[in-house]
>>> print(open('start_38.txt').read())   # compact mmCIF, C-alpha atoms
# COMPACT_ATOMS: atom_id res chain seq x y z
CA MET A 1 25.76 2.69 24.15
CA SER A 2 24.11 0.45 26.68
CA ALA A 3 20.47 -0.44 26.31
CA THR A 4 18.07 1.08 28.77
CA SER A 5 15.33 -0.92 30.39
CA ASN A 6 12.46 -0.72 28.00
CA ARG A 7 8.95 -0.16 29.16
CA TYR A 8 7.52 -1.17 25.81
CA GLN A 9 7.44 -4.67 24.39
CA VAL A 10 7.72 -5.65 20.76
CA SER A 11 4.76 -7.50 19.30
CA ILE A 12 5.75 -9.97 16.58
CA GLU A 13 3.01 -11.83 14.76
CA ALA A 14 3.03 -14.25 11.85
CA ASP A 15 -0.01 -14.08 9.60
CA PRO A 16 -1.43 -17.63 9.63
CA ALA A 17 -2.35 -17.56 5.93
CA LEU A 18 0.30 -15.33 4.35
CA PRO A 19 4.14 -15.22 4.43
CA ILE A 20 4.06 -11.98 6.42
CA ILE A 21 5.60 -10.99 9.75
CA ARG A 22 4.09 -7.96 11.48
CA MET A 23 5.81 -6.11 14.30
CA GLY A 24 4.86 -3.14 16.41
CA ARG A 25 6.38 -1.18 19.25
CA ASP A 26 5.80 2.13 20.99
CA PHE A 27 8.57 4.65 21.60
CA ASP A 28 8.91 7.83 23.63
CA ALA A 29 9.89 9.71 20.47
CA THR A 30 8.32 11.66 17.66
CA PRO A 31 7.83 10.16 14.19
CA SER A 32 10.55 12.48 12.86
CA GLN A 33 13.03 11.25 15.50
CA LEU A 34 12.34 7.63 14.58
CA MET A 35 12.55 8.40 10.86
CA ARG A 36 15.92 10.09 11.41
CA ALA A 37 17.19 7.09 13.40
CA HIS A 38 16.18 4.79 10.53
CA THR A 39 17.59 6.90 7.68
CA ASP A 40 20.76 8.51 9.08
CA PRO A 41 23.49 5.88 8.60
CA GLU A 42 25.51 6.91 11.67
CA LEU A 43 22.45 6.72 13.91
CA PHE A 44 21.20 3.49 12.34
CA ALA A 45 24.54 1.76 12.97
CA ARG A 46 24.32 2.67 16.66
CA TRP A 47 21.09 0.83 17.36
CA VAL A 48 20.41 -1.91 14.80
CA GLY A 49 20.69 -5.56 15.83
CA PRO A 50 21.47 -7.48 18.98
CA ASP A 51 23.74 -6.32 21.77
CA GLY A 52 27.45 -6.80 21.20
CA MET A 53 27.31 -6.44 17.41
CA ASP A 54 29.42 -3.82 15.66
CA THR A 55 27.69 -2.45 12.56
CA LYS A 56 29.64 -0.92 9.69
CA ILE A 57 27.72 0.95 7.00
CA ILE A 58 29.16 0.10 3.57
CA ASP A 59 26.67 1.92 1.33
CA TRP A 60 23.74 4.14 2.30
CA ASP A 61 21.42 6.29 0.20
CA ALA A 62 18.18 6.63 2.20
CA THR A 63 16.17 8.19 -0.61
CA THR A 64 13.44 6.81 -2.84
CA GLY A 65 15.29 4.58 -5.30
CA GLY A 66 18.44 4.45 -3.15
CA ARG A 67 20.25 1.45 -1.77
CA TRP A 68 21.86 0.29 1.45
CA ARG A 69 24.39 -2.26 2.70
CA TYR A 70 25.88 -2.93 6.10
CA VAL A 71 27.96 -5.58 7.82
CA ALA A 72 27.41 -6.57 11.44
CA GLY A 73 30.16 -8.38 13.28
CA ARG A 74 31.03 -9.96 16.59
CA ASP A 75 33.86 -12.23 17.73
CA GLY A 76 35.47 -12.29 14.29
CA GLU A 77 32.29 -13.30 12.45
CA GLU A 78 30.58 -10.94 10.00
CA TYR A 79 27.07 -10.93 8.60
CA GLY A 80 26.17 -8.79 5.60
CA PHE A 81 22.80 -7.32 4.71
CA HIS A 82 21.67 -5.24 1.75
CA GLY A 83 18.62 -3.85 0.03
CA SER A 84 16.98 -1.01 -1.83
CA PHE A 85 14.91 1.89 -0.57
CA HIS A 86 11.78 1.83 -2.73
CA GLU A 87 10.11 4.72 -0.90
CA VAL A 88 11.33 7.06 1.79
CA GLY A 89 8.58 9.44 2.90
CA ALA A 90 7.93 11.65 5.90
CA ASP A 91 6.62 8.81 8.05
CA ARG A 92 7.05 5.65 5.94
CA ILE A 93 9.86 3.53 4.51
CA VAL A 94 9.43 0.74 1.96
CA GLN A 95 12.58 -1.29 1.33
CA THR A 96 13.90 -4.69 0.42
CA PHE A 97 15.99 -6.67 2.90
CA THR A 98 18.39 -9.50 2.05
CA PHE A 99 20.77 -11.40 4.32
CA ASP A 100 23.92 -12.19 2.33
CA GLY A 101 23.89 -15.73 3.75
CA GLN A 102 20.55 -16.37 2.01
CA PRO A 103 20.75 -14.27 -1.16
CA ASP A 104 17.65 -15.83 -2.74
CA ASP A 105 15.43 -14.81 0.19
CA VAL A 106 14.36 -11.20 -0.29
CA ALA A 107 11.84 -9.56 2.03
CA LEU A 108 9.76 -6.52 1.17
CA GLU A 109 9.55 -4.41 4.32
CA THR A 110 7.21 -1.55 5.06
CA LEU A 111 7.73 0.58 8.16
CA TRP A 112 5.47 3.41 9.22
CA PHE A 113 5.42 5.67 12.22
CA GLU A 114 2.07 6.42 13.87
CA ASP A 115 2.01 9.63 15.92
CA LEU A 116 0.31 8.83 19.25
CA GLY A 117 0.66 12.40 20.54
CA ASP A 118 2.54 13.64 23.60
CA GLY A 119 5.91 12.75 22.03
CA ARG A 120 5.05 9.07 21.57
CA THR A 121 5.04 7.05 18.36
CA ARG A 122 4.05 3.53 17.42
CA LEU A 123 6.40 1.91 14.91
CA HIS A 124 4.67 -0.60 12.63
CA ALA A 125 6.71 -2.97 10.48
CA GLN A 126 5.58 -5.57 7.99
CA SER A 127 7.89 -8.02 6.20
CA LEU A 128 6.61 -10.00 3.24
CA VAL A 129 8.80 -13.00 2.43
CA ASP A 130 8.67 -15.60 -0.37
CA SER A 131 6.96 -18.47 1.44
CA LEU A 132 5.39 -19.62 4.69
CA GLU A 133 8.46 -21.84 5.20
CA GLY A 134 10.75 -18.84 4.73
CA ARG A 135 8.67 -16.80 7.18
CA ASP A 136 8.93 -19.56 9.78
CA GLN A 137 12.70 -19.77 9.27
CA TRP A 138 12.98 -16.02 9.92
CA LEU A 139 10.98 -16.40 13.12
CA ALA A 140 13.14 -19.33 14.26
CA SER A 141 16.40 -17.50 13.46
CA GLY A 142 16.53 -15.52 16.69
CA MET A 143 15.27 -12.34 15.02
CA GLU A 144 13.10 -11.58 18.06
CA THR A 145 16.18 -11.14 20.29
CA GLY A 146 17.86 -8.86 17.74
CA VAL A 147 14.71 -6.78 17.32
CA GLU A 148 14.09 -6.43 21.07
CA GLN A 149 17.71 -5.55 21.87
CA GLY A 150 17.97 -3.19 18.89
CA TYR A 151 14.79 -1.35 19.86
CA ALA A 152 16.05 -1.02 23.45
CA LYS A 153 19.16 0.68 22.03
CA LEU A 154 16.90 2.82 19.83
CA ASP A 155 15.06 3.96 23.00
CA ALA A 156 18.35 5.27 24.40
CA LEU A 157 19.32 6.86 21.10
CA VAL A 158 16.10 8.82 20.55
CA ALA A 159 16.35 10.14 24.09
CA GLU A 160 19.55 11.90 22.90
CA LEU A 161 17.97 13.43 19.75
>>> encode(input="start_38.txt", output="structure tokens")
Amino acid sequence: MSATSNRYQVSIEADPALPIIRMGRDFDATPSQLMRAHTDPELFARWVGPDGMDTKIIDWDATTGGRWRYVAGRDGEEYGFHGSFHEVGADRIVQTFTFDGQPDDVALETLWFEDLGDGRTRLHAQSLVDSLEGRDQWLASGMETGVEQGYAKLDALVAEL
């Protein structure tokens, strides 16, 4: 799937006093479409991460108390990620997120989908990490590119749903 030109930009902000990253982005989709794209493993694998990455779902139980694991690869290199779904509701997901390359760094992520009406939704995401230094490392890791490219692919995907 090729990414479409996106008319919405991702806002990424670091809280100056807390180890929190906040993101937001609007989509031409309903909250239920975005929830489905975040909880259905086949759909999730189609949009997550930067362009050119192939995502393989290893384990996926998108229910409260469930777990997840996937591996993203490109050019012979693989990157693993895993976590637990602490809450999966109608318009909210609370989960942990760990990059296998930094197993001691666990983020607590909360995503919620705000219905803006007329088939539009604002996705809010908040990631709480262990320290301000850890937060700054996440921001310097190139995550912004992966988020922007992934959300552009998500735009194209929800247009199909």
>>> residues_around(input="start_38.txt", residues="region 124-131 of chain A", least_positions_apart="6", cutoff="10 Å", atoms="only C-alpha atoms", output="ChimeraX atom specification")
/A:11-14,18-26,92-97,104-114,137-138
>>> atom_distance(input="start_38.txt", atom1="CA of Met53 (chain A)", atom2="CA of Gly134 (chain A)")
24.3 Å
>>> closest_residue(input="start_38.txt", among="A:Thr121, A:Ser84, A:Gln102, A:Thr63", to="Ser32 (chain A)", atoms="all atoms listed in the file")
A:Thr121
>>> closest_residue(input="start_38.txt", among="A:Asp15, A:Pro41, A:Trp47, A:Trp68", to="Asp155 (chain A)", atoms="all atoms listed in the file")
A:Trp47
>>> closest_residue(input="start_38.txt", among="A:Ala90, A:Asp61, A:His38, A:Val48", to="Met143 (chain A)", atoms="all atoms listed in the file")
A:Val48
>>> residues_around(input="start_38.txt", residues="Trp60 (chain A)", least_positions_apart="3", cutoff="10 Å", atoms="all atoms listed in the file", output="VMD selection string")
chain A and resid 39 to 42 57 63 66 to 70 82 to 85
>>> atom_distance(input="start_38.txt", atom1="CA of Asp75 (chain A)", atom2="CA of Pro50 (chain A)")
13.3 Å
>>> residues_around(input="start_38.txt", residues="Glu144 (chain A)", least_positions_apart="4", cutoff="9 Å", atoms="all atoms listed in the file", output="list in words")
Val10, Ile12, Leu139, Ala140, Glu148 and Gln149 of chain A
>>> atom_distance(input="start_38.txt", atom1="CA of Glu87 (chain A)", atom2="CA of Ala159 (chain A)")
26.3 Å
>>> closest_residue(input="start_38.txt", among="A:Gly117, A:Gly52, A:Pro16, A:Pro103", to="Phe81 (chain A)", atoms="all atoms listed in the file")
A:Pro103
>>> closest_residue(input="start_38.txt", among="A:Gly119, A:Gly73, A:Gly142, A:Gly80", to="Ile58 (chain A)", atoms="all atoms listed in the file")
A:Gly80
>>> residues_near_point(input="start_38.txt", point="(14.4, 9.5, 2.9)", cutoff="6 Å", atoms="only C-alpha atoms", output="list of chain:residue names")
A:Ala62, A:Thr63, A:Val88, A:Gly89
>>> write_last_selection(input="start_38.txt", atoms="C-alpha atoms", output="compact mmCIF listing (two decimals), in the coordinates of the input")
# COMPACT_ATOMS: atom_id res chain seq x y z
CA ALA A 62 18.18 6.63 2.20
CA THR A 63 16.17 8.19 -0.61
CA VAL A 88 11.33 7.06 1.79
CA GLY A 89 8.58 9.44 2.90
>>> decode(input="start_38.txt", residues="region 129-149 of chain A", atoms="N, CA and C atoms", output="PDB file, in the first residue's frame")
ATOM      1  N   VAL A 129       7.204   7.410  29.798  1.00  0.00           N
ATOM      2  CA  VAL A 129       8.421   6.605  29.856  1.00  0.00           C
ATOM      3  C   VAL A 129       9.074   6.780  31.225  1.00  0.00           C
ATOM      4  N   ASP A 130      10.198   6.088  31.461  1.00  0.00           N
ATOM      5  CA  ASP A 130      10.805   6.035  32.787  1.00  0.00           C
ATOM      6  C   ASP A 130      11.521   7.303  33.231  1.00  0.00           C
ATOM      7  N   SER A 131      12.007   8.104  32.285  1.00  0.00           N
ATOM      8  CA  SER A 131      12.810   9.269  32.672  1.00  0.00           C
ATOM      9  C   SER A 131      12.760  10.328  31.576  1.00  0.00           C
ATOM     10  N   LEU A 132      13.160  11.542  31.933  1.00  0.00           N
ATOM     11  CA  LEU A 132      13.254  12.607  30.937  1.00  0.00           C
ATOM     12  C   LEU A 132      14.305  12.249  29.889  1.00  0.00           C
ATOM     13  N   GLU A 133      15.411  11.626  30.334  1.00  0.00           N
ATOM     14  CA  GLU A 133      16.455  11.202  29.399  1.00  0.00           C
ATOM     15  C   GLU A 133      15.907  10.170  28.419  1.00  0.00           C
ATOM     16  N   GLY A 134      15.145   9.199  28.928  1.00  0.00           N
ATOM     17  CA  GLY A 134      14.533   8.194  28.067  1.00  0.00           C
ATOM     18  C   GLY A 134      13.572   8.811  27.069  1.00  0.00           C
ATOM     19  N   ARG A 135      12.781   9.780  27.536  1.00  0.00           N
ATOM     20  CA  ARG A 135      11.847  10.480  26.646  1.00  0.00           C
ATOM     21  C   ARG A 135      12.611  11.166  25.518  1.00  0.00           C
ATOM     22  N   ASP A 136      13.695  11.845  25.873  1.00  0.00           N
ATOM     23  CA  ASP A 136      14.471  12.562  24.861  1.00  0.00           C
ATOM     24  C   ASP A 136      15.133  11.608  23.879  1.00  0.00           C
ATOM     25  N   GLN A 137      15.530  10.410  24.350  1.00  0.00           N
ATOM     26  CA  GLN A 137      16.088   9.406  23.443  1.00  0.00           C
ATOM     27  C   GLN A 137      15.033   8.931  22.460  1.00  0.00           C
ATOM     28  N   TRP A 138      13.797   8.733  22.927  1.00  0.00           N
ATOM     29  CA  TRP A 138      12.711   8.338  22.023  1.00  0.00           C
ATOM     30  C   TRP A 138      12.520   9.396  20.943  1.00  0.00           C
ATOM     31  N   LEU A 139      12.502  10.657  21.362  1.00  0.00           N
ATOM     32  CA  LEU A 139      12.277  11.739  20.404  1.00  0.00           C
ATOM     33  C   LEU A 139      13.411  11.832  19.388  1.00  0.00           C
ATOM     34  N   ALA A 140      14.633  11.528  19.815  1.00  0.00           N
ATOM     35  CA  ALA A 140      15.790  11.604  18.926  1.00  0.00           C
ATOM     36  C   ALA A 140      15.955  10.359  18.055  1.00  0.00           C
ATOM     37  N   SER A 141      15.141   9.326  18.296  1.00  0.00           N
ATOM     38  CA  SER A 141      15.321   8.043  17.616  1.00  0.00           C
ATOM     39  C   SER A 141      14.802   8.013  16.183  1.00  0.00           C
ATOM     40  N   GLY A 142      14.135   9.058  15.757  1.00  0.00           N
ATOM     41  CA  GLY A 142      13.506   9.038  14.443  1.00  0.00           C
ATOM     42  C   GLY A 142      12.051   8.613  14.504  1.00  0.00           C
ATOM     43  N   MET A 143      11.491   8.546  15.702  1.00  0.00           N
ATOM     44  CA  MET A 143      10.101   8.106  15.862  1.00  0.00           C
ATOM     45  C   MET A 143       9.136   8.986  15.080  1.00  0.00           C
ATOM     46  N   GLU A 144       9.457  10.276  14.940  1.00  0.00           N
ATOM     47  CA  GLU A 144       8.554  11.191  14.241  1.00  0.00           C
ATOM     48  C   GLU A 144       8.330  10.740  12.800  1.00  0.00           C
ATOM     49  N   THR A 145       9.398  10.316  12.121  1.00  0.00           N
ATOM     50  CA  THR A 145       9.273   9.843  10.738  1.00  0.00           C
ATOM     51  C   THR A 145       8.391   8.602  10.680  1.00  0.00           C
ATOM     52  N   GLY A 146       8.628   7.649  11.578  1.00  0.00           N
ATOM     53  CA  GLY A 146       7.817   6.433  11.602  1.00  0.00           C
ATOM     54  C   GLY A 146       6.355   6.719  11.882  1.00  0.00           C
ATOM     55  N   VAL A 147       6.098   7.641  12.807  1.00  0.00           N
ATOM     56  CA  VAL A 147       4.713   7.995  13.133  1.00  0.00           C
ATOM     57  C   VAL A 147       4.040   8.679  11.938  1.00  0.00           C
ATOM     58  N   GLU A 148       4.713   9.655  11.346  1.00  0.00           N
ATOM     59  CA  GLU A 148       4.117  10.379  10.216  1.00  0.00           C
ATOM     60  C   GLU A 148       3.848   9.443   9.034  1.00  0.00           C
ATOM     61  N   GLN A 149       4.827   8.606   8.686  1.00  0.00           N
ATOM     62  CA  GLN A 149       4.646   7.700   7.554  1.00  0.00           C
ATOM     63  C   GLN A 149       3.598   6.636   7.870  1.00  0.00           C
TER      64      GLN A 149
END
